[in-house]
$ cat query.pdb   # PDB, N, CA and C atoms
ATOM      1  N   MET A 554     239.539  75.826 135.154
ATOM      2  CA  MET A 554     238.780  75.910 133.917
ATOM      3  C   MET A 554     239.199  77.172 133.170
ATOM      4  N   LYS A 555     239.669  77.003 131.970
ATOM      5  CA  LYS A 555     240.137  78.120 131.166
ATOM      6  C   LYS A 555     238.962  78.785 130.458
ATOM      7  N   THR A 556     238.899  80.118 130.519
ATOM      8  CA  THR A 556     237.802  80.843 129.869
ATOM      9  C   THR A 556     238.259  81.622 128.647
ATOM     10  N   GLY A 557     239.560  81.724 128.433
ATOM     11  CA  GLY A 557     240.060  82.461 127.287
ATOM     12  C   GLY A 557     241.557  82.306 127.140
ATOM     13  N   LEU A 558     242.064  82.733 126.000
ATOM     14  CA  LEU A 558     243.495  82.677 125.717
ATOM     15  C   LEU A 558     244.047  84.091 125.762
ATOM     16  N   LEU A 559     245.234  84.234 126.368
ATOM     17  CA  LEU A 559     245.812  85.559 126.538
ATOM     18  C   LEU A 559     247.185  85.659 125.897
ATOM     19  N   CYS A 560     247.482  86.815 125.338
ATOM     20  CA  CYS A 560     248.812  87.154 124.843
ATOM     21  C   CYS A 560     249.699  87.440 126.055
ATOM     22  N   ARG A 561     250.995  87.525 125.841
ATOM     23  CA  ARG A 561     251.916  87.873 126.937
ATOM     24  C   ARG A 561     251.629  89.255 127.512
ATOM     25  N   CYS A 562     251.079  90.153 126.687
ATOM     26  CA  CYS A 562     250.774  91.507 127.168
ATOM     27  C   CYS A 562     249.476  91.551 127.969
ATOM     28  N   GLY A 563     248.733  90.448 128.004
ATOM     29  CA  GLY A 563     247.491  90.394 128.769
ATOM     30  C   GLY A 563     246.233  90.524 127.940
ATOM     31  N   GLN A 564     246.367  90.855 126.669
ATOM     32  CA  GLN A 564     245.216  91.005 125.779
ATOM     33  C   GLN A 564     244.616  89.640 125.467
ATOM     34  N   ARG A 565     243.298  89.565 125.419
ATOM     35  CA  ARG A 565     242.595  88.339 125.075
ATOM     36  C   ARG A 565     242.770  88.034 123.583
ATOM     37  N   ILE A 566     243.086  86.783 123.252
ATOM     38  CA  ILE A 566     243.237  86.349 121.865
ATOM     39  C   ILE A 566     241.872  85.871 121.367
ATOM     40  N   THR A 567     241.428  86.423 120.232
ATOM     41  CA  THR A 567     240.140  86.034 119.662
ATOM     42  C   THR A 567     240.347  85.454 118.270
ATOM     43  N   ARG A 568     239.267  84.980 117.686
ATOM     44  CA  ARG A 568     239.306  84.343 116.362
ATOM     45  C   ARG A 568     239.966  85.246 115.330
ATOM     46  N   ARG A 569     239.716  86.545 115.379
ATOM     47  CA  ARG A 569     240.278  87.450 114.357
ATOM     48  C   ARG A 569     241.794  87.612 114.483
ATOM     49  N   ASP A 570     242.367  87.265 115.644
ATOM     50  CA  ASP A 570     243.812  87.360 115.850
ATOM     51  C   ASP A 570     244.560  86.120 115.340
ATOM     52  N   VAL A 571     243.846  85.013 115.153
ATOM     53  CA  VAL A 571     244.474  83.735 114.794
ATOM     54  C   VAL A 571     244.912  83.750 113.331
ATOM     55  N   MET A 572     246.180  83.418 113.112
ATOM     56  CA  MET A 572     246.728  83.340 111.761
ATOM     57  C   MET A 572     246.791  81.892 111.279
ATOM     58  N   GLN A 573     247.017  80.973 112.209
ATOM     59  CA  GLN A 573     247.146  79.566 111.861
ATOM     60  C   GLN A 573     246.697  78.729 113.046
ATOM     61  N   GLN A 574     246.016  77.626 112.754
ATOM     62  CA  GLN A 574     245.547  76.727 113.801
ATOM     63  C   GLN A 574     245.661  75.306 113.295
ATOM     64  N   GLY A 575     246.102  74.400 114.151
ATOM     65  CA  GLY A 575     246.231  73.014 113.732
ATOM     66  C   GLY A 575     246.396  72.093 114.927
ATOM     67  N   ILE A 576     246.498  70.801 114.623
ATOM     68  CA  ILE A 576     246.691  69.782 115.656
ATOM     69  C   ILE A 576     248.152  69.348 115.628
ATOM     70  N   TYR A 577     248.769  69.322 116.790
ATOM     71  CA  TYR A 577     250.150  68.861 116.929
ATOM     72  C   TYR A 577     250.077  67.445 117.482
ATOM     73  N   MET A 578     250.285  66.451 116.600
ATOM     74  CA  MET A 578     250.179  65.042 116.982
ATOM     75  C   MET A 578     251.524  64.562 117.503
ATOM     76  N   ARG A 579     251.485  63.827 118.602
ATOM     77  CA  ARG A 579     252.703  63.278 119.184
ATOM     78  C   ARG A 579     252.618  61.762 119.198
ATOM     79  N   GLN A 580     253.780  61.096 119.128
ATOM     80  CA  GLN A 580     253.823  59.637 119.162
ATOM     81  C   GLN A 580     253.367  59.112 120.520
ATOM     82  N   SER A 581     253.822  59.777 121.579
ATOM     83  CA  SER A 581     253.401  59.374 122.920
ATOM     84  C   SER A 581     253.030  60.624 123.696
ATOM     85  N   GLY A 582     252.130  60.474 124.622
ATOM     86  CA  GLY A 582     251.686  61.623 125.399
ATOM     87  C   GLY A 582     250.513  62.322 124.740
ATOM     88  N   PRO A 583     250.076  63.430 125.319
ATOM     89  CA  PRO A 583     248.879  64.110 124.801
ATOM     90  C   PRO A 583     249.143  64.855 123.496
ATOM     91  N   ASN A 584     248.094  64.987 122.698
ATOM     92  CA  ASN A 584     248.140  65.808 121.495
ATOM     93  C   ASN A 584     247.772  67.243 121.882
ATOM     94  N   TYR A 585     248.202  68.197 121.049
ATOM     95  CA  TYR A 585     247.960  69.604 121.344
ATOM     96  C   TYR A 585     247.308  70.307 120.162
ATOM     97  N   VAL A 586     246.556  71.364 120.464
ATOM     98  CA  VAL A 586     246.056  72.277 119.442
ATOM     99  C   VAL A 586     247.058  73.422 119.383
ATOM    100  N   TYR A 587     247.534  73.712 118.176
ATOM    101  CA  TYR A 587     248.532  74.757 117.949
ATOM    102  C   TYR A 587     247.811  76.004 117.448
ATOM    103  N   ILE A 588     248.078  77.144 118.075
ATOM    104  CA  ILE A 588     247.505  78.430 117.664
ATOM    105  C   ILE A 588     248.646  79.409 117.428
ATOM    106  N   LYS A 589     248.703  79.988 116.221
ATOM    107  CA  LYS A 589     249.649  81.069 115.934
ATOM    108  C   LYS A 589     248.795  82.317 115.751
ATOM    109  N   TYR A 590     249.182  83.408 116.423
ATOM    110  CA  TYR A 590     248.355  84.616 116.406
ATOM    111  C   TYR A 590     249.212  85.871 116.346
ATOM    112  N   ARG A 591     248.562  86.974 115.967
ATOM    113  CA  ARG A 591     249.146  88.307 116.078
ATOM    114  C   ARG A 591     248.224  89.093 116.990
ATOM    115  N   CYS A 592     248.767  89.554 118.103
ATOM    116  CA  CYS A 592     247.981  90.257 119.119
ATOM    117  C   CYS A 592     247.453  91.581 118.555
ATOM    118  N   SER A 593     246.180  91.847 118.807
ATOM    119  CA  SER A 593     245.574  93.090 118.310
ATOM    120  C   SER A 593     246.027  94.304 119.109
ATOM    121  N   ARG A 594     246.572  94.101 120.302
ATOM    122  CA  ARG A 594     247.050  95.233 121.104
ATOM    123  C   ARG A 594     248.524  95.528 120.833
ATOM    124  N   CYS A 595     249.397  94.534 121.088
ATOM    125  CA  CYS A 595     250.841  94.798 120.984
ATOM    126  C   CYS A 595     251.415  94.464 119.604
ATOM    127  N   LYS A 596     250.623  93.837 118.748
ATOM    128  CA  LYS A 596     250.990  93.497 117.352
ATOM    129  C   LYS A 596     252.103  92.456 117.243
ATOM    130  N   LYS A 597     252.461  91.802 118.334
ATOM    131  CA  LYS A 597     253.508  90.777 118.293
ATOM    132  C   LYS A 597     252.927  89.427 117.910
ATOM    133  N   LEU A 598     253.760  88.612 117.260
ATOM    134  CA  LEU A 598     253.371  87.246 116.932
ATOM    135  C   LEU A 598     253.543  86.371 118.167
ATOM    136  N   GLY A 599     252.659  85.405 118.317
ATOM    137  CA  GLY A 599     252.758  84.487 119.439
ATOM    138  C   GLY A 599     252.243  83.117 119.052
ATOM    139  N   GLU A 600     252.594  82.129 119.848
ATOM    140  CA  GLU A 600     252.145  80.757 119.631
ATOM    141  C   GLU A 600     251.639  80.196 120.952
ATOM    142  N   LEU A 601     250.615  79.380 120.865
ATOM    143  CA  LEU A 601     250.080  78.703 122.045
ATOM    144  C   LEU A 601     249.892  77.233 121.720
ATOM    145  N   TYR A 602     250.137  76.388 122.695
ATOM    146  CA  TYR A 602     249.859  74.960 122.586
ATOM    147  C   TYR A 602     248.896  74.613 123.717
ATOM    148  N   ILE A 603     247.720  74.112 123.360
ATOM    149  CA  ILE A 603     246.705  73.767 124.351
ATOM    150  C   ILE A 603     246.432  72.272 124.229
ATOM    151  N   LYS A 604     246.426  71.574 125.369
ATOM    152  CA  LYS A 604     246.130  70.141 125.324
ATOM    153  C   LYS A 604     244.810  69.917 124.603
ATOM    154  N   HIS A 605     244.780  68.910 123.736
ATOM    155  CA  HIS A 605     243.597  68.658 122.923
ATOM    156  C   HIS A 605     242.352  68.446 123.777
ATOM    157  N   GLU A 606     242.478  67.754 124.901
ATOM    158  CA  GLU A 606     241.306  67.509 125.752
ATOM    159  C   GLU A 606     240.824  68.774 126.452
ATOM    160  N   ASP A 607     241.676  69.800 126.565
ATOM    161  CA  ASP A 607     241.277  71.075 127.164
ATOM    162  C   ASP A 607     240.758  72.075 126.132
ATOM    163  N   TRP A 608     240.896  71.759 124.851
ATOM    164  CA  TRP A 608     240.541  72.689 123.793
ATOM    165  C   TRP A 608     239.033  72.781 123.592
ATOM    166  N   LYS A 609     238.549  74.027 123.486
ATOM    167  CA  LYS A 609     237.172  74.316 123.110
ATOM    168  C   LYS A 609     237.230  75.510 122.160
ATOM    169  N   GLU A 610     236.465  75.454 121.104
ATOM    170  CA  GLU A 610     236.439  76.559 120.135
ATOM    171  C   GLU A 610     235.981  77.858 120.805
ATOM    172  N   SER A 611     235.193  77.738 121.869
ATOM    173  CA  SER A 611     234.676  78.925 122.570
ATOM    174  C   SER A 611     235.780  79.737 123.237
ATOM    175  N   LEU A 612     236.990  79.184 123.374
ATOM    176  CA  LEU A 612     238.100  79.943 123.949
ATOM    177  C   LEU A 612     238.468  81.142 123.084
ATOM    178  N   LEU A 613     238.110  81.102 121.802
ATOM    179  CA  LEU A 613     238.454  82.190 120.880
ATOM    180  C   LEU A 613     237.304  83.170 120.648
ATOM    181  N   LEU A 614     236.183  82.977 121.330
ATOM    182  CA  LEU A 614     235.045  83.869 121.129
ATOM    183  C   LEU A 614     235.255  85.188 121.841
ATOM    184  N   ASP A 615     234.776  86.287 121.210
ATOM    185  CA  ASP A 615     234.890  87.623 121.793
ATOM    186  C   ASP A 615     234.094  87.761 123.074
ATOM    187  N   ASN A 616     232.932  87.149 123.108
ATOM    188  CA  ASN A 616     232.023  87.386 124.224
ATOM    189  C   ASN A 616     232.093  86.312 125.299
ATOM    190  N   ALA A 617     233.178  85.586 125.395
ATOM    191  CA  ALA A 617     233.303  84.603 126.463
ATOM    192  C   ALA A 617     233.261  85.319 127.801
ATOM    193  N   SER A 618     232.513  84.768 128.718
ATOM    194  CA  SER A 618     232.312  85.416 130.008
ATOM    195  C   SER A 618     233.448  85.097 130.964
ATOM    196  N   GLU A 619     233.868  86.101 131.684
ATOM    197  CA  GLU A 619     234.903  85.922 132.694
ATOM    198  C   GLU A 619     234.268  85.591 134.049
ATOM    199  N   GLN A 620     232.939  85.568 134.103
ATOM    200  CA  GLN A 620     232.248  85.305 135.354
ATOM    201  C   GLN A 620     232.242  83.816 135.669
ATOM    202  N   SER A 621     232.346  83.512 136.949
ATOM    203  CA  SER A 621     232.198  82.132 137.393
ATOM    204  C   SER A 621     230.702  81.821 137.443
ATOM    205  N   PRO A 622     230.326  80.548 137.467
ATOM    206  CA  PRO A 622     228.891  80.214 137.578
ATOM    207  C   PRO A 622     228.249  80.818 138.831
ATOM    208  N   ARG A 623     229.013  80.869 139.925
ATOM    209  CA  ARG A 623     228.509  81.459 141.166
ATOM    210  C   ARG A 623     228.214  82.948 140.979
ATOM    211  N   GLU A 624     229.120  83.672 140.306
ATOM    212  CA  GLU A 624     228.902  85.097 140.053
ATOM    213  C   GLU A 624     227.705  85.309 139.134
ATOM    214  N   ARG A 625     227.573  84.456 138.108
ATOM    215  CA  ARG A 625     226.449  84.563 137.180
ATOM    216  C   ARG A 625     225.114  84.429 137.914
ATOM    217  N   ARG A 626     225.019  83.446 138.832
ATOM    218  CA  ARG A 626     223.781  83.259 139.609
ATOM    219  C   ARG A 626     223.507  84.473 140.493
ATOM    220  N   ARG A 627     224.559  84.987 141.112
ATOM    221  CA  ARG A 627     224.409  86.153 141.998
ATOM    222  C   ARG A 627     223.881  87.362 141.222
ATOM    223  N   PHE A 628     224.449  87.645 140.048
ATOM    224  CA  PHE A 628     223.999  88.783 139.248
ATOM    225  C   PHE A 628     222.594  88.565 138.707
ATOM    226  N   ALA A 629     222.252  87.325 138.379
ATOM    227  CA  ALA A 629     220.904  87.034 137.885
ATOM    228  C   ALA A 629     219.862  87.320 138.964
ATOM    229  N   ARG A 630     220.184  87.026 140.234
ATOM    230  CA  ARG A 630     219.265  87.304 141.343
ATOM    231  C   ARG A 630     219.067  88.805 141.546
ATOM    232  N   MET A 631     220.075  89.603 141.219
ATOM    233  CA  MET A 631     219.991  91.048 141.430
ATOM    234  C   MET A 631     219.009  91.711 140.472
ATOM    235  N   GLY A 632     218.844  91.174 139.290
ATOM    236  CA  GLY A 632     217.925  91.763 138.323
ATOM    237  C   GLY A 632     218.542  92.941 137.582
ATOM    238  N   VAL A 633     217.711  93.616 136.806
ATOM    239  CA  VAL A 633     218.133  94.743 135.976
ATOM    240  C   VAL A 633     218.328  95.985 136.839
ATOM    241  N   ILE A 634     219.325  96.800 136.518
ATOM    242  CA  ILE A 634     219.557  98.059 137.240
ATOM    243  C   ILE A 634     218.513  99.070 136.783
ATOM    244  N   THR A 635     217.792  99.638 137.746
ATOM    245  CA  THR A 635     216.722 100.581 137.420
ATOM    246  C   THR A 635     217.266 102.009 137.352
ATOM    247  N   LEU A 636     216.482 102.884 136.760
ATOM    248  CA  LEU A 636     216.845 104.288 136.663
ATOM    249  C   LEU A 636     216.966 104.913 138.054
ATOM    250  N   GLU A 637     216.074 104.533 138.959
ATOM    251  CA  GLU A 637     216.123 105.062 140.329
ATOM    252  C   GLU A 637     217.409 104.631 141.040
ATOM    253  N   GLU A 638     217.854 103.387 140.833
ATOM    254  CA  GLU A 638     219.110 102.913 141.427
ATOM    255  C   GLU A 638     220.292 103.713 140.885
ATOM    256  N   MET A 639     220.267 104.040 139.595
ATOM    257  CA  MET A 639     221.343 104.845 139.007
ATOM    258  C   MET A 639     221.361 106.253 139.604
ATOM    259  N   ARG A 640     220.193 106.826 139.805
ATOM    260  CA  ARG A 640     220.117 108.178 140.413
ATOM    261  C   ARG A 640     220.684 108.165 141.829
ATOM    262  N   ARG A 641     220.265 107.164 142.639
ATOM    263  CA  ARG A 641     220.761 107.075 144.012
ATOM    264  C   ARG A 641     222.271 106.894 144.039
ATOM    265  N   PHE A 642     222.775 106.066 143.152
ATOM    266  CA  PHE A 642     224.220 105.835 143.078
ATOM    267  C   PHE A 642     224.948 107.131 142.737
ATOM    268  N   HIS A 643     224.427 107.861 141.771
ATOM    269  CA  HIS A 643     225.014 109.142 141.364
ATOM    270  C   HIS A 643     225.076 110.108 142.550
ATOM    271  N   HIS A 644     223.985 110.201 143.298
ATOM    272  CA  HIS A 644     223.950 111.108 144.451
ATOM    273  C   HIS A 644     224.912 110.648 145.554
ATOM    274  N   GLN A 645     225.014 109.345 145.755
ATOM    275  CA  GLN A 645     225.953 108.827 146.761
ATOM    276  C   GLN A 645     227.397 109.119 146.362
ATOM    277  N   LEU A 646     227.702 109.026 145.074
ATOM    278  CA  LEU A 646     229.052 109.355 144.611
ATOM    279  C   LEU A 646     229.371 110.825 144.854
ATOM    280  N   GLU A 647     228.414 111.680 144.580
ATOM    281  CA  GLU A 647     228.629 113.110 144.799
ATOM    282  C   GLU A 647     228.869 113.423 146.277
ATOM    283  N   ALA A 648     228.252 112.635 147.171
ATOM    284  CA  ALA A 648     228.351 112.894 148.606
ATOM    285  C   ALA A 648     229.610 112.288 149.235
ATOM    286  N   LEU A 649     230.375 111.502 148.484
ATOM    287  CA  LEU A 649     231.575 110.863 149.043
ATOM    288  C   LEU A 649     232.616 111.897 149.444
ATOM    289  N   LYS A 650     233.176 111.712 150.624
ATOM    290  CA  LYS A 650     234.259 112.583 151.074
ATOM    291  C   LYS A 650     235.606 111.846 150.990
ATOM    292  N   THR A 651     235.570 110.520 151.154
ATOM    293  CA  THR A 651     236.769 109.682 151.018
ATOM    294  C   THR A 651     236.392 108.431 150.227
ATOM    295  N   PHE A 652     237.393 107.775 149.676
ATOM    296  CA  PHE A 652     237.143 106.542 148.946
ATOM    297  C   PHE A 652     237.044 105.376 149.915
ATOM    298  N   PRO A 653     236.078 104.464 149.722
ATOM    299  CA  PRO A 653     235.964 103.298 150.591
ATOM    300  C   PRO A 653     237.089 102.313 150.325
ATOM    301  N   ASP A 654     237.416 101.483 151.337
ATOM    302  CA  ASP A 654     238.449 100.453 151.199
ATOM    303  C   ASP A 654     237.837  99.239 150.516
ATOM    304  N   LEU A 655     238.187  99.001 149.264
ATOM    305  CA  LEU A 655     237.624  97.898 148.488
ATOM    306  C   LEU A 655     238.548  96.697 148.445
ATOM    307  N   SER A 656     239.594  96.694 149.272
ATOM    308  CA  SER A 656     240.554  95.594 149.246
ATOM    309  C   SER A 656     239.995  94.336 149.900
ATOM    310  N   VAL A 657     238.935  94.444 150.674
ATOM    311  CA  VAL A 657     238.313  93.294 151.331
ATOM    312  C   VAL A 657     237.113  92.876 150.511
ATOM    313  N   GLU A 658     237.038  91.559 150.161
ATOM    314  CA  GLU A 658     235.921  91.075 149.347
ATOM    315  C   GLU A 658     234.655  91.025 150.176
ATOM    316  N   GLU A 659     233.520  91.258 149.484
ATOM    317  CA  GLU A 659     232.228  91.160 150.141
ATOM    318  C   GLU A 659     231.897  89.699 150.369
ATOM    319  N   SER A 660     231.262  89.403 151.477
ATOM    320  CA  SER A 660     230.784  88.039 151.707
ATOM    321  C   SER A 660     229.300  88.007 151.355
ATOM    322  N   GLU A 661     228.875  86.839 150.869
ATOM    323  CA  GLU A 661     227.465  86.744 150.450
ATOM    324  C   GLU A 661     226.609  86.251 151.568
TER
END

$ encode --input "query.pdb" --output "structure tokens"
Amino acid sequence: MKTGLLCRCGQRITRRDVMQQGIYMRQSGPNYVYIKYRCSRCKKLGELYIKHEDWKESLLLDNASEQSPRERRRFARMGVITLEEMRRFHHQLEALKTFPDLSVEESE
């Protein structure tokens, strides 16, 4: 499932970057949505062809979420970060002597 469009440099393409958009109709096979853009980071021109059935206008929104539905549910269960949690975190950071190994994912 695609959540956004990216330039070759890795920058997310949004509505303000799009210079031209249209439908590329083919005699046989799938039709495509054509996007011509100028990247806001590297300033290069680029083109994208997205299968029409995969196209959603939300792909160009600035606030599209990179979270999976599973991550969204997990964060919703955690609730809002409190001031006390921020204080404890700050104190724990100050007390660190070495950096923890974050290369292993947490299991739920």

$ resolve_selection --input "query.pdb" --expression "the PyMOL selection byres ((chain A and resi 588-598) around 6)" --output "list in words"
Asp570, Val571, Met572, Gln573, Gln574, Gly575, Val586, Tyr587, Gly599, Glu600, Leu601 and Tyr602 of chain A

$ write_last_selection --input "query.pdb" --atoms "N, CA and C atoms" --output "mmCIF file, keeping the file's coordinate frame"
data_model
loop_
_atom_site.group_PDB
_atom_site.id
_atom_site.type_symbol
_atom_site.label_atom_id
_atom_site.label_comp_id
_atom_site.auth_asym_id
_atom_site.auth_seq_id
_atom_site.Cartn_x
_atom_site.Cartn_y
_atom_site.Cartn_z
ATOM 1 N N ASP A 570 242.367 87.265 115.644
ATOM 2 C CA ASP A 570 243.812 87.360 115.850
ATOM 3 C C ASP A 570 244.560 86.120 115.340
ATOM 4 N N VAL A 571 243.846 85.013 115.153
ATOM 5 C CA VAL A 571 244.474 83.735 114.794
ATOM 6 C C VAL A 571 244.912 83.750 113.331
ATOM 7 N N MET A 572 246.180 83.418 113.112
ATOM 8 C CA MET A 572 246.728 83.340 111.761
ATOM 9 C C MET A 572 246.791 81.892 111.279
ATOM 10 N N GLN A 573 247.017 80.973 112.209
ATOM 11 C CA GLN A 573 247.146 79.566 111.861
ATOM 12 C C GLN A 573 246.697 78.729 113.046
ATOM 13 N N GLN A 574 246.016 77.626 112.754
ATOM 14 C CA GLN A 574 245.547 76.727 113.801
ATOM 15 C C GLN A 574 245.661 75.306 113.295
ATOM 16 N N GLY A 575 246.102 74.400 114.151
ATOM 17 C CA GLY A 575 246.231 73.014 113.732
ATOM 18 C C GLY A 575 246.396 72.093 114.927
ATOM 19 N N VAL A 586 246.556 71.364 120.464
ATOM 20 C CA VAL A 586 246.056 72.277 119.442
ATOM 21 C C VAL A 586 247.058 73.422 119.383
ATOM 22 N N TYR A 587 247.534 73.712 118.176
ATOM 23 C CA TYR A 587 248.532 74.757 117.949
ATOM 24 C C TYR A 587 247.811 76.004 117.448
ATOM 25 N N GLY A 599 252.659 85.405 118.317
ATOM 26 C CA GLY A 599 252.758 84.487 119.439
ATOM 27 C C GLY A 599 252.243 83.117 119.052
ATOM 28 N N GLU A 600 252.594 82.129 119.848
ATOM 29 C CA GLU A 600 252.145 80.757 119.631
ATOM 30 C C GLU A 600 251.639 80.196 120.952
ATOM 31 N N LEU A 601 250.615 79.380 120.865
ATOM 32 C CA LEU A 601 250.080 78.703 122.045
ATOM 33 C C LEU A 601 249.892 77.233 121.720
ATOM 34 N N TYR A 602 250.137 76.388 122.695
ATOM 35 C CA TYR A 602 249.859 74.960 122.586
ATOM 36 C C TYR A 602 248.896 74.613 123.717
#

$ select_by_dssp --input "query.pdb" --residues "range 554-656 of chain A" --states "strand (DSSP E)" --output "PyMOL selection string"
chain A and resi 558-559+565-566+571-577+585-591+598-604

$ atom_distance --input "query.pdb" --atom1 "atom C of Ser621 in chain A" --atom2 "CA of Leu558 in chain A"
17.4 Å

$ atom_distance --input "query.pdb" --atom1 "CA of Ile634 in chain A" --atom2 "CA of Thr651 in chain A"
24.9 Å

$ atom_distance --input "query.pdb" --atom1 "atom N of Leu559 in chain A" --atom2 "atom C of Leu612 in chain A"
8.1 Å
